[in-house]
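These notes concern the structure reproduced below.
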Amino acid sequence: MAARAEPRWRHAHLLDVDLLDRDELETVIERAEAHERDPAASRGALRDRRLATLFYEPSTRTRLSFELAARALGAVVVDLPVAASSVTKGESLIDTVRTLGALGIEFLVIRHPRSGAPWLAARHFPGHVINAGDGRHAHPTQALADLLTLRHRLPRPIQGARVTIVGDVLHSRVARSDIWALTTMGASVTLCGPAVWLSGFDAWADAMPGDRRLAITTDLAAALRGADAVMALRVQRERLAGVTSLSESAYVAGYGLTAERMRVARPGALVMHPGPMNEGVEIMPDVAAGPASVITDQVANGSLVRSAVLALLAETDTRG
Amino acid sequence: MAARAEPRWRHAHLLDVDLLDRDELETVIERAEAHERDPAASRGALRDRRLATLFYEPSTRTRLSFELAARALGAVVVDLPVAASSVTKGESLIDTVRTLGALGIEFLVIRHPRSGAPWLAARHFPGHVINAGDGRHAHPTQALADLLTLRHRLPRPIQGARVTIVGDVLHSRVARSDIWALTTMGASVTLCGPAVWLSGFDAWADAMPGDRRLAITTDLAAALRGADAVMALRVQRERLAGVTSLSESAYVAGYGLTAERMRVARPGALVMHPGPMNEGVEIMPDVAAGPASVITDQVANGSLVRSAVLALLAETDTRG
Amino acid sequence: MAARAEPRWRHAHLLDVDLLDRDELETVIERAEAHERDPAASRGALRDRRLATLFYEPSTRTRLSFELAARALGAVVVDLPVAASSVTKGESLIDTVRTLGALGIEFLVIRHPRSGAPWLAARHFPGHVINAGDGRHAHPTQALADLLTLRHRLPRPIQGARVTIVGDVLHSRVARSDIWALTTMGASVTLCGPAVWLSGFDAWADAMPGDRRLAITTDLAAALRGADAVMALRVQRERLAGVTSLSESAYVAGYGLTAERMRVARPGALVMHPGPMNEGVEIMPDVAAGPASVITDQVANGSLVRSAVLALLAETDTRG
């Protein structure tokens, strides 16, 4: 029963998945599933409460996903379009979040190019802060969406499953959050990409507690062999341009996910991508749209886990 | 009775007026009139359903008109400000509309600088697509608003009325959609402007079925003579700059709508403009604000026809 | 009783505080206090009525404050992001506000870099216009928020209190509106800053009616001595750059509000700032966050006075 797990949630903010233990991850997932079964049950969870989205980086899907999730729970949602706001007058993040608090905003969903910015916001904002992505550091609700997707679509439990993440791991907050969430749930994670984009991760793998399984390789065939799920990360062209040893065509030739290459994975291995995709670069269109693709599920599940997180945070206000 | 005409509506999308026959045009108009008489009756037509506006070109009036129409029907409306969105990361239109579908968006109102983009969107979006203007091609709800305005304000039926469209017809999606809608309803349409902006339209006029009446002329006095309604199109300064033979002052001298020139039209001939206006260029301020001007009606009627279209599309979901 | 004062409100627009007499200022303040005590009582004051925010300058707090206030009263709020709108096509303000009226917008909240623009809007808009800041000229709701803040937090009545305003008075609409509102209420106002930023204000002070008290000085210690409240104005770096005699460090050295300097004010003298702050320039962080700071109150009170103004304007529609 979901109800039993829920007292496990004791956080005022959602800043990172590495702060959540396995019971807490399951609490979110179960709440998301309950919400999917019966959306009407949580319709008033944030009734008339004010939520602001404050995105210092452009985003379509994440911002919108939070907005729709919050409105479906009854919240009043406002967006602060950063480019057009007082931020251009040099207003500091601290001043901004204090102002939002004074305006009665109780939930703040923040994305920021600097790692750690949501922690700074949480110290000065009087309500709940949800990290919607900070620098290269964390993107916790994406990782929660990926857990929910795997739970629904894998033919086996996440514990013990093999998940391969391919691409620019170095710059990816999605990868970092997925590594934490997946290894916490007992999955075995393999990171794969050009060496320059794996830099530093072997040290991380070595330092991981013994019960977490994280492997690193530049060999795509090895990384895909036997995988239960394969996630391609977005390749940002401007980052390719910064690597003299790597061109877009070299990346496609070496690491683009093709149907041919997927053949060494388990039959029916899931295909994932956090979006937005560069089809034809990190993933071929036929793979992205193939029967094993769960990319659209990831988007839909993003909404569900965001609803779950918001409702859980709201409940902490009234718990003794 | 409007109720009798309505089974005529069988479209999942509104992509162009040239896909609507006369009965269907009248169905929209009658629904809009019903909505004007009793807005409360359709208040729940889109209750809690999600509509996104996705405008790849700047717009005030059209986007806002759709948003207000949809919210008055009970919809949850979100806007994707394209400049600030993932589109700047190179996300494709197909990926964007699939994502919107996965987020539970059921109605997509799209404006795009490339002609045909709404058709592409409709192939990949799981809900209803409404074209809010694509390239030079079509702007169906503007044409519907113009039909409603003429129906309310002309002292005679649209069938047989003479409507003159003046200006940069070449680049105008409004003109193209109005030509279709007006000739379908039996009006006689005359296009007038500098030759360079009429290029290709004589071929269109020649190819029209015999029961449609479309005339082309560079002679403004001839075009205005006996007109029941005159629509000035917006002159975009950057397009004037591209025509060596044409300066702004030459345009004003040759084609600007003045009270003096309007005298050869029928007494009380309606003055129309799709907005936004360059007053003093394509239309003089006294004409724009004069008693025969229905420019403000066009805006108000835009809201009514958009409500009607959204309600009709919503009904197709539940019809057998 | 607030109820007794309210028939004093007879304005269709809120364009400037200098149009409000003392009774009218008190009417707004009392309505704001009533709204604070019982927000539910005014929940339907703007039920389903349409309000647009039209900001030709970037803003976070003011726009959002209006939006939240209006939504809490039941209004349907839309924002016209000017940068992304038809304004970039050269649409005139007059055309824009007429269009908004035709779309059923009844309340228009406007910010514009040109002084006087809200008056122009009011002449052509069919509903209520609220000035949210025009050029250097006026920012009436900020002044109303400041009055409410002083009323709540001063240990004495506003009448007879000494309020000092420090900084770039020359370019500040906040200062101009505060001068009017405070002297109308009987406070004694002192303006202080570098001479170049006080230019012209001595003429204003001389021309003031005898019962209004406005003093001007470049001597900060003199200005602070005995003050009941001290307001620091935002210093805009680009304006410092335009003054050859003044660097940022010279400004901080001469006029930055430090705890040390505040010692000559009355014990517990209130610290105010209209935001957004440049902490470390016009105000030191320990002063801004100190126990006498009411900066956060100003933000919260901004919402309350905006609710009050909107409700009062709405009531004029039904009064005989």
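As shown in the structure tokens, the chain order sets the letters A, B, ...; within each chain, residues go from 1, and ligands are also counted from 1 in the order they appear.
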
Quick check: residues of chain B within 8 Å of chain C, only C-alpha atoms, returned as an mmCIF file with N, CA and C atoms, in the first residue's frame.
data_model
loop_
_atom_site.group_PDB
_atom_site.id
_atom_site.type_symbol
_atom_site.label_atom_id
_atom_site.label_comp_id
_atom_site.auth_asym_id
_atom_site.auth_seq_id
_atom_site.Cartn_x
_atom_site.Cartn_y
_atom_site.Cartn_z
ATOM 1 N N PRO B 58 5.857 36.438 -33.631
ATOM 2 C CA PRO B 58 5.228 37.267 -32.609
ATOM 3 C C PRO B 58 3.789 37.614 -32.965
ATOM 4 N N SER B 59 2.956 37.738 -31.954
ATOM 5 C CA SER B 59 1.551 38.076 -32.154
ATOM 6 C C SER B 59 0.985 38.562 -30.836
ATOM 7 N N THR B 60 0.194 39.595 -30.880
ATOM 8 C CA THR B 60 -0.559 39.953 -29.683
ATOM 9 C C THR B 60 -1.975 39.454 -29.822
ATOM 10 N N ARG B 61 -2.641 39.968 -30.832
ATOM 11 C CA ARG B 61 -4.081 39.818 -30.866
ATOM 12 C C ARG B 61 -4.533 38.385 -31.120
ATOM 13 N N LEU B 64 -3.757 36.036 -28.047
ATOM 14 C CA LEU B 64 -4.590 36.418 -26.922
ATOM 15 C C LEU B 64 -6.050 36.071 -27.172
ATOM 16 N N SER B 65 -6.495 36.276 -28.400
ATOM 17 C CA SER B 65 -7.870 35.985 -28.753
ATOM 18 C C SER B 65 -8.167 34.501 -28.566
ATOM 19 N N ALA B 83 10.549 31.930 -28.399
ATOM 20 C CA ALA B 83 11.897 32.494 -28.273
ATOM 21 C C ALA B 83 12.595 31.982 -27.018
ATOM 22 N N PRO B 276 -2.138 44.318 -37.159
ATOM 23 C CA PRO B 276 -2.066 45.700 -36.679
ATOM 24 C C PRO B 276 -1.868 46.696 -37.822
ATOM 25 N N MET B 277 -2.433 47.882 -37.635
ATOM 26 C CA MET B 277 -2.413 48.903 -38.686
ATOM 27 C C MET B 277 -1.155 49.753 -38.653
ATOM 28 N N ASN B 278 -0.720 50.169 -39.825
ATOM 29 C CA ASN B 278 0.179 51.316 -39.952
ATOM 30 C C ASN B 278 -0.676 52.489 -40.370
ATOM 31 N N THR B 296 -12.672 47.246 -35.249
ATOM 32 C CA THR B 296 -12.814 46.744 -33.881
ATOM 33 C C THR B 296 -13.757 45.542 -33.836
ATOM 34 N N ASP B 297 -14.777 45.559 -34.678
ATOM 35 C CA ASP B 297 -15.664 44.384 -34.768
ATOM 36 C C ASP B 297 -14.887 43.140 -35.193
ATOM 37 N N VAL B 299 -11.907 42.339 -34.531
ATOM 38 C CA VAL B 299 -11.197 41.791 -33.367
ATOM 39 C C VAL B 299 -12.162 41.034 -32.457
ATOM 40 N N ALA B 300 -13.267 41.683 -32.134
ATOM 41 C CA ALA B 300 -14.238 41.049 -31.239
ATOM 42 C C ALA B 300 -14.794 39.772 -31.870
ATOM 43 N N SER B 303 -12.634 36.582 -31.574
ATOM 44 C CA SER B 303 -12.844 35.787 -30.366
ATOM 45 C C SER B 303 -14.041 34.852 -30.516
#

Can you check which residues of range 63-220 of chain A DSSP gives as strand (DSSP E or B) on the backbone and send them as a PyMOL selection string?
chain A and resi 76-81+105-112+128-134+138+162-166+188-192+213-217

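Here CA of Val166 in chain B stands at a distance of 18.8 Å from CA of Pro140 in chain B.
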
Applying 12 Å and only C-alpha atoms, which residues near Asp146 in chain C remain after dropping the ones on its own chain fewer than 5 positions away? List them as a VMD selection string.
chain C and resid 25 29 139 to 141 151 to 154 158 163 174 to 175 177 to 182 185 229 to 231 270 to 274 294 to 305

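Near Arg47 in chain B, within a cut-off of 6 Å and counting only C-alpha atoms, sit the residues Gly44, Gly74 and Ala75 of chain B, with same-chain residues fewer than 3 positions away left out.
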
If you run DSSP on the backbone, which residues of range 182-225 of chain A are helix (DSSP H, G or I), as number ranges by chain?
A: 182-184, 195-197, 201-207, 220-224

Save the residues we just selected, N, CA, C and O atoms, as a compact mmCIF listing (two decimals), in the first residue's frame?
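Produced file part_17.txt, reproduced below:
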# COMPACT_ATOMS: atom_id res chain seq x y z
N LEU A 182 19.09 5.37 -9.97
CA LEU A 182 19.10 3.98 -10.44
C LEU A 182 19.93 3.09 -9.53
O LEU A 182 19.52 1.97 -9.19
N THR A 183 21.11 3.57 -9.13
CA THR A 183 21.93 2.71 -8.26
C THR A 183 21.30 2.58 -6.88
O THR A 183 21.42 1.55 -6.23
N THR A 184 20.61 3.63 -6.45
CA THR A 184 19.89 3.51 -5.16
C THR A 184 18.83 2.42 -5.24
O THR A 184 18.62 1.67 -4.27
N ALA A 195 35.85 9.35 -24.50
CA ALA A 195 36.58 9.45 -23.23
C ALA A 195 36.48 10.85 -22.62
O ALA A 195 36.33 11.00 -21.40
N VAL A 196 36.51 11.88 -23.49
CA VAL A 196 36.51 13.24 -22.98
C VAL A 196 35.22 13.56 -22.23
O VAL A 196 35.19 14.45 -21.38
N TRP A 197 34.16 12.83 -22.53
CA TRP A 197 32.87 13.07 -21.86
C TRP A 197 32.61 12.10 -20.69
O TRP A 197 31.51 12.08 -20.14
N PHE A 201 34.45 10.28 -14.11
CA PHE A 201 33.42 9.34 -13.64
C PHE A 201 34.00 8.02 -13.12
O PHE A 201 33.37 7.35 -12.32
N ASP A 202 35.22 7.68 -13.59
CA ASP A 202 35.81 6.46 -13.01
C ASP A 202 36.14 6.67 -11.54
O ASP A 202 35.95 5.77 -10.72
N ALA A 203 36.58 7.89 -11.21
CA ALA A 203 36.83 8.18 -9.80
C ALA A 203 35.54 8.04 -8.99
O ALA A 203 35.52 7.48 -7.89
N TRP A 204 34.46 8.54 -9.58
CA TRP A 204 33.16 8.43 -8.90
C TRP A 204 32.77 6.95 -8.72
O TRP A 204 32.36 6.52 -7.63
N ALA A 205 32.94 6.20 -9.80
CA ALA A 205 32.59 4.77 -9.74
C ALA A 205 33.42 4.06 -8.66
O ALA A 205 32.89 3.26 -7.88
N ASP A 206 34.70 4.40 -8.60
CA ASP A 206 35.57 3.76 -7.61
C ASP A 206 35.15 4.11 -6.18
O ASP A 206 35.26 3.30 -5.26
N ALA A 207 34.66 5.34 -6.01
CA ALA A 207 34.34 5.80 -4.66
C ALA A 207 32.95 5.39 -4.20
O ALA A 207 32.56 5.62 -3.06
N LEU A 220 31.01 1.18 -27.11
CA LEU A 220 29.55 1.17 -27.16
C LEU A 220 28.99 -0.25 -27.22
O LEU A 220 28.01 -0.58 -26.54
N ALA A 221 29.60 -1.12 -28.02
CA ALA A 221 29.07 -2.49 -28.15
C ALA A 221 29.10 -3.18 -26.79
O ALA A 221 28.13 -3.85 -26.39
N ALA A 222 30.19 -2.99 -26.05
CA ALA A 222 30.27 -3.58 -24.72
C ALA A 222 29.21 -3.01 -23.80
O ALA A 222 28.60 -3.74 -22.99
N ALA A 223 28.97 -1.72 -23.92
CA ALA A 223 28.01 -1.07 -23.04
C ALA A 223 26.58 -1.52 -23.32
O ALA A 223 25.75 -1.62 -22.42
N LEU A 224 26.29 -1.79 -24.57
CA LEU A 224 24.92 -2.17 -24.95
C LEU A 224 24.63 -3.64 -24.70
O LEU A 224 23.47 -4.04 -24.53

Which residues, written as a VMD selection string, have at least one atom at most 8 Å from Ala311 in chain C, with only C-alpha atoms counted and residues fewer than 2 positions away on the same chain left out?
chain C and resid 42 45 to 46 73 307 to 309 313 to 315

Distance in Å - CA of Thr217 in chain C versus CA of Pro155 in chain C
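A separation of 25.6 Å between them.
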
For CA of Thr62 in chain C and CA of Gly167 in chain C, the interatomic separation in Å (one decimal):
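Separation of CA of Thr62 in chain C and CA of Gly167 in chain C: 20.8 Å.
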
Quick one: residues within 8 Å of range 253-258 of chain B, only C-alpha atoms counted, chain neighbours fewer than 6 positions away excluded, as a list in words?
Val166, Gly167, Gly193, Leu220, Ala232, Gly280, Val281, Glu282, Ile283, Met284, Asp286 and Val287 of chain B

How would the residues just picked look written out with C-alpha atoms as a compact mmCIF listing (two decimals), in the first residue's frame?
# COMPACT_ATOMS: atom_id res chain seq x y z
CA VAL B 166 -5.98 46.45 -51.15
CA GLY B 167 -2.26 46.13 -50.55
CA GLY B 193 -2.22 46.85 -55.27
CA LEU B 220 -7.41 51.59 -57.05
CA ALA B 232 -6.63 47.37 -46.37
CA GLY B 280 -1.02 56.92 -42.31
CA VAL B 281 0.36 54.27 -44.63
CA GLU B 282 -2.16 51.72 -45.89
CA ILE B 283 -5.05 53.48 -44.18
CA MET B 284 -5.58 57.03 -42.96
CA ASP B 286 -9.82 59.21 -40.09
CA VAL B 287 -10.86 56.28 -42.27

So which one's closest to Leu312 in chain C, C:Ala32, C:Leu148, C:Ala250, C:Val17? Using only C-alpha atoms, please.
C:Ala32
